[in-house]
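Beneath this line is the structure, given in structure tokens, with notes to follow.
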Amino acid sequence: MVQEHASSDRLSATFAALSDPTRRAILARLASGESSVTALAAPFAISLPAISKHLKVLEGAGLIARGREAQWRPCRLEAGPLKDAADFLEHYRRFWEQSFDRLEEYLRDLQKRELNVKEKKKHGRTK
């Protein structure tokens, strides 16, 4: 029970961190490799302290790790929490795929019935 609650809290932190478009963009940049805070901040029209706050949220959620090499503090992506989120969402993806499959089958049946009605009208056999 405690393990499930801790896992749920990590998942909540992951989704909370991913809820912000700036943080998602930072993660996308880190997907191509380590980067400095300054380099991460470059494309954004926000201050370095604002970027640092975003990085703290990402770090708190376990989505990034920050190293220390002399004066350089590189950030790198930590993919584990993203996999946990993907695994969580997988269940719902299967649900929606099954729902869409049922809808597709229903629409096919509806089209067949519609074609049958049109054929009957065409040959003058309507009820």
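Each chain of the structure tokens is named A, B, ... in the order shown, its residues numbered from 1; ligands are numbered from 1 in display order.
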_Which of chain A fall in alpha helix (DSSP H), as a ChimeraX atom specification_ = /A:2-18,21-30,37-41,48-60,80-122
For the selection just defined, write its residues with C-alpha atoms to a file, as a compact mmCIF listing (two decimals), in the first residue's frame.
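Okay, this is what ended up in part-v3.txt:
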# COMPACT_ATOMS: atom_id res chain seq x y z
CA VAL A 2 2.80 2.42 0.91
CA GLN A 3 4.66 1.50 -2.30
CA GLU A 4 1.51 2.16 -4.38
CA HIS A 5 1.01 5.55 -2.67
CA ALA A 6 4.65 6.54 -3.23
CA SER A 7 4.39 5.48 -6.88
CA SER A 8 1.18 7.50 -7.22
CA ASP A 9 2.85 10.56 -5.70
CA ARG A 10 5.75 10.26 -8.16
CA LEU A 11 3.28 9.94 -11.01
CA SER A 12 1.42 13.02 -9.79
CA ALA A 13 4.68 14.95 -9.64
CA THR A 14 5.54 13.80 -13.16
CA PHE A 15 2.20 14.89 -14.60
CA ALA A 16 2.34 18.19 -12.70
CA ALA A 17 5.80 18.87 -14.11
CA LEU A 18 4.66 17.93 -17.62
CA PRO A 21 4.72 23.84 -21.95
CA THR A 22 8.06 25.43 -21.02
CA ARG A 23 9.02 22.40 -18.96
CA ARG A 24 7.98 20.06 -21.79
CA ALA A 25 10.13 22.10 -24.19
CA ILE A 26 13.08 21.87 -21.79
CA LEU A 27 12.67 18.09 -21.64
CA ALA A 28 12.53 17.94 -25.42
CA ARG A 29 15.83 19.81 -25.61
CA LEU A 30 17.40 17.51 -23.02
CA VAL A 37 21.07 26.09 -17.81
CA THR A 38 22.14 28.99 -20.04
CA ALA A 39 21.83 26.90 -23.18
CA LEU A 40 18.44 25.57 -22.05
CA ALA A 41 17.23 29.12 -21.38
CA LEU A 48 17.25 32.69 -15.89
CA PRO A 49 15.63 32.61 -12.43
CA ALA A 50 12.35 31.55 -14.09
CA ILE A 51 14.18 28.78 -15.98
CA SER A 52 15.81 27.72 -12.71
CA LYS A 53 12.37 27.41 -11.11
CA HIS A 54 11.21 25.20 -13.98
CA LEU A 55 14.35 23.09 -13.61
CA LYS A 56 13.69 22.67 -9.87
CA VAL A 57 10.18 21.38 -10.62
CA LEU A 58 11.58 18.95 -13.21
CA GLU A 59 14.31 17.86 -10.81
CA GLY A 60 11.80 17.42 -7.98
CA GLY A 80 12.36 6.68 -15.68
CA PRO A 81 9.41 8.87 -14.63
CA LEU A 82 8.41 9.33 -18.28
CA LYS A 83 8.25 5.55 -18.69
CA ASP A 84 6.10 5.31 -15.56
CA ALA A 85 3.71 7.91 -17.02
CA ALA A 86 3.64 6.10 -20.38
CA ASP A 87 2.90 2.80 -18.62
CA PHE A 88 0.06 4.43 -16.70
CA LEU A 89 -1.41 5.90 -19.89
CA GLU A 90 -1.04 2.63 -21.81
CA HIS A 91 -4.05 1.17 -20.01
CA TYR A 92 -6.21 4.07 -21.23
CA ARG A 93 -4.79 3.89 -24.75
CA ARG A 94 -5.97 0.28 -24.96
CA PHE A 95 -9.40 1.34 -23.64
CA TRP A 96 -9.73 4.04 -26.31
CA GLU A 97 -8.51 1.73 -29.08
CA GLN A 98 -11.14 -0.83 -28.09
CA SER A 99 -13.78 1.91 -28.01
CA PHE A 100 -12.76 3.13 -31.46
CA ASP A 101 -12.81 -0.44 -32.77
CA ARG A 102 -16.39 -0.86 -31.51
CA LEU A 103 -17.36 2.48 -33.04
CA GLU A 104 -15.80 1.49 -36.36
CA GLU A 105 -17.73 -1.79 -36.35
CA TYR A 106 -20.97 0.05 -35.55
CA LEU A 107 -20.40 2.55 -38.36
CA ARG A 108 -19.69 -0.27 -40.83
CA ASP A 109 -22.96 -1.96 -39.85
CA LEU A 110 -24.79 1.35 -40.22
CA GLN A 111 -23.32 1.86 -43.71
CA LYS A 112 -24.35 -1.64 -44.75
CA ARG A 113 -27.91 -1.02 -43.59
CA GLU A 114 -27.95 2.30 -45.43
CA LEU A 115 -26.75 0.62 -48.63
CA ASN A 116 -29.43 -2.07 -48.28
CA VAL A 117 -32.14 0.59 -47.91
CA LYS A 118 -30.81 2.45 -50.97
CA GLU A 119 -30.73 -0.76 -53.02
CA LYS A 120 -34.31 -1.58 -52.03
CA LYS A 121 -35.45 1.93 -52.98
CA LYS A 122 -33.58 1.70 -56.25
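In this structure, CA of Leu77 in chain A sits 7.6 Å away from CA of Gly33 in chain A.
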*Run DSSP on the backbone of this structure and report the residues of range 25-115 of chain A it assigns to strand (DSSP E or B), as a list in words.*
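Strand (DSSP E or B) members of range 25-115 of chain A, listed: Ser35, Ile64, Ala65, Arg66, Glu69, Trp72, Cys75, Arg76 and Leu77 of chain A.
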Now that the selection is made, can you save its residues with all heavy atoms as a PDB file, in the first residue's frame?
ATOM      1  N   SER A  35      22.823  19.567 -21.194  1.00  0.00           N
ATOM      2  CA  SER A  35      22.877  20.978 -21.566  1.00  0.00           C
ATOM      3  C   SER A  35      23.055  21.820 -20.312  1.00  0.00           C
ATOM      4  O   SER A  35      22.625  21.439 -19.225  1.00  0.00           O
ATOM      5  CB  SER A  35      21.589  21.379 -22.286  1.00  0.00           C
ATOM      6  OG  SER A  35      21.664  22.698 -22.738  1.00  0.00           O
ATOM      7  N   ILE A  64      14.740  15.264 -14.427  1.00  0.00           N
ATOM      8  CA  ILE A  64      16.097  15.666 -14.813  1.00  0.00           C
ATOM      9  C   ILE A  64      17.024  15.467 -13.626  1.00  0.00           C
ATOM     10  O   ILE A  64      16.575  15.374 -12.477  1.00  0.00           O
ATOM     11  CB  ILE A  64      16.182  17.141 -15.298  1.00  0.00           C
ATOM     12  CG1 ILE A  64      15.898  18.115 -14.153  1.00  0.00           C
ATOM     13  CG2 ILE A  64      15.276  17.389 -16.485  1.00  0.00           C
ATOM     14  CD1 ILE A  64      16.315  19.550 -14.455  1.00  0.00           C
ATOM     15  N   ALA A  65      18.284  15.404 -13.940  1.00  0.00           N
ATOM     16  CA  ALA A  65      19.327  15.381 -12.906  1.00  0.00           C
ATOM     17  C   ALA A  65      20.324  16.464 -13.268  1.00  0.00           C
ATOM     18  O   ALA A  65      20.532  16.769 -14.444  1.00  0.00           O
ATOM     19  CB  ALA A  65      20.000  14.016 -12.868  1.00  0.00           C
ATOM     20  N   ARG A  66      20.895  17.064 -12.239  1.00  0.00           N
ATOM     21  CA  ARG A  66      21.891  18.100 -12.484  1.00  0.00           C
ATOM     22  C   ARG A  66      23.220  17.653 -11.902  1.00  0.00           C
ATOM     23  O   ARG A  66      23.292  17.213 -10.764  1.00  0.00           O
ATOM     24  CB  ARG A  66      21.468  19.423 -11.861  1.00  0.00           C
ATOM     25  CG  ARG A  66      20.222  19.993 -12.520  1.00  0.00           C
ATOM     26  CD  ARG A  66      20.111  21.454 -12.318  1.00  0.00           C
ATOM     27  NE  ARG A  66      19.164  21.773 -11.255  1.00  0.00           N
ATOM     28  CZ  ARG A  66      18.786  23.001 -10.983  1.00  0.00           C
ATOM     29  NH1 ARG A  66      19.275  24.019 -11.648  1.00  0.00           N
ATOM     30  NH2 ARG A  66      17.933  23.228 -10.019  1.00  0.00           N
ATOM     31  N   GLU A  69      30.278  19.960 -12.572  1.00  0.00           N
ATOM     32  CA  GLU A  69      31.619  19.831 -13.131  1.00  0.00           C
ATOM     33  C   GLU A  69      32.246  21.212 -13.095  1.00  0.00           C
ATOM     34  O   GLU A  69      31.972  22.039 -13.954  1.00  0.00           O
ATOM     35  CB  GLU A  69      31.559  19.294 -14.562  1.00  0.00           C
ATOM     36  CG  GLU A  69      30.963  17.899 -14.669  1.00  0.00           C
ATOM     37  CD  GLU A  69      30.777  17.446 -16.098  1.00  0.00           C
ATOM     38  OE1 GLU A  69      31.424  18.014 -17.001  1.00  0.00           O
ATOM     39  OE2 GLU A  69      29.973  16.530 -16.306  1.00  0.00           O
ATOM     40  N   TRP A  72      30.402  24.385 -14.228  1.00  0.00           N
ATOM     41  CA  TRP A  72      29.327  23.968 -15.135  1.00  0.00           C
ATOM     42  C   TRP A  72      28.415  22.978 -14.436  1.00  0.00           C
ATOM     43  O   TRP A  72      28.872  22.007 -13.852  1.00  0.00           O
ATOM     44  CB  TRP A  72      29.946  23.341 -16.383  1.00  0.00           C
ATOM     45  CG  TRP A  72      28.972  23.136 -17.494  1.00  0.00           C
ATOM     46  CD1 TRP A  72      28.152  24.068 -18.047  1.00  0.00           C
ATOM     47  CD2 TRP A  72      28.716  21.920 -18.192  1.00  0.00           C
ATOM     48  NE1 TRP A  72      27.403  23.513 -19.055  1.00  0.00           N
ATOM     49  CE2 TRP A  72      27.738  22.186 -19.162  1.00  0.00           C
ATOM     50  CE3 TRP A  72      29.220  20.630 -18.104  1.00  0.00           C
ATOM     51  CZ2 TRP A  72      27.251  21.227 -20.029  1.00  0.00           C
ATOM     52  CZ3 TRP A  72      28.739  19.671 -18.966  1.00  0.00           C
ATOM     53  CH2 TRP A  72      27.761  19.969 -19.914  1.00  0.00           C
ATOM     54  N   CYS A  75      22.552  19.721 -17.062  1.00  0.00           N
ATOM     55  CA  CYS A  75      21.271  19.059 -16.796  1.00  0.00           C
ATOM     56  C   CYS A  75      21.145  17.913 -17.783  1.00  0.00           C
ATOM     57  O   CYS A  75      21.541  18.036 -18.937  1.00  0.00           O
ATOM     58  CB  CYS A  75      20.112  20.031 -17.017  1.00  0.00           C
ATOM     59  SG  CYS A  75      20.132  21.438 -15.906  1.00  0.00           S
ATOM     60  N   ARG A  76      20.561  16.814 -17.325  1.00  0.00           N
ATOM     61  CA  ARG A  76      20.334  15.685 -18.226  1.00  0.00           C
ATOM     62  C   ARG A  76      18.959  15.089 -17.935  1.00  0.00           C
ATOM     63  O   ARG A  76      18.456  15.160 -16.822  1.00  0.00           O
ATOM     64  CB  ARG A  76      21.438  14.644 -18.125  1.00  0.00           C
ATOM     65  CG  ARG A  76      21.438  13.841 -16.875  1.00  0.00           C
ATOM     66  CD  ARG A  76      22.556  12.791 -16.867  1.00  0.00           C
ATOM     67  NE  ARG A  76      22.553  12.083 -15.609  1.00  0.00           N
ATOM     68  CZ  ARG A  76      23.041  12.540 -14.474  1.00  0.00           C
ATOM     69  NH1 ARG A  76      23.603  13.719 -14.434  1.00  0.00           N
ATOM     70  NH2 ARG A  76      22.978  11.822 -13.379  1.00  0.00           N
ATOM     71  N   LEU A  77      18.404  14.507 -18.945  1.00  0.00           N
ATOM     72  CA  LEU A  77      17.082  13.884 -18.861  1.00  0.00           C
ATOM     73  C   LEU A  77      17.173  12.583 -18.077  1.00  0.00           C
ATOM     74  O   LEU A  77      18.111  11.809 -18.256  1.00  0.00           O
ATOM     75  CB  LEU A  77      16.565  13.610 -20.278  1.00  0.00           C
ATOM     76  CG  LEU A  77      15.185  12.977 -20.423  1.00  0.00           C
ATOM     77  CD1 LEU A  77      14.115  13.924 -19.912  1.00  0.00           C
ATOM     78  CD2 LEU A  77      14.929  12.638 -21.886  1.00  0.00           C
TER      79      LEU A  77
END
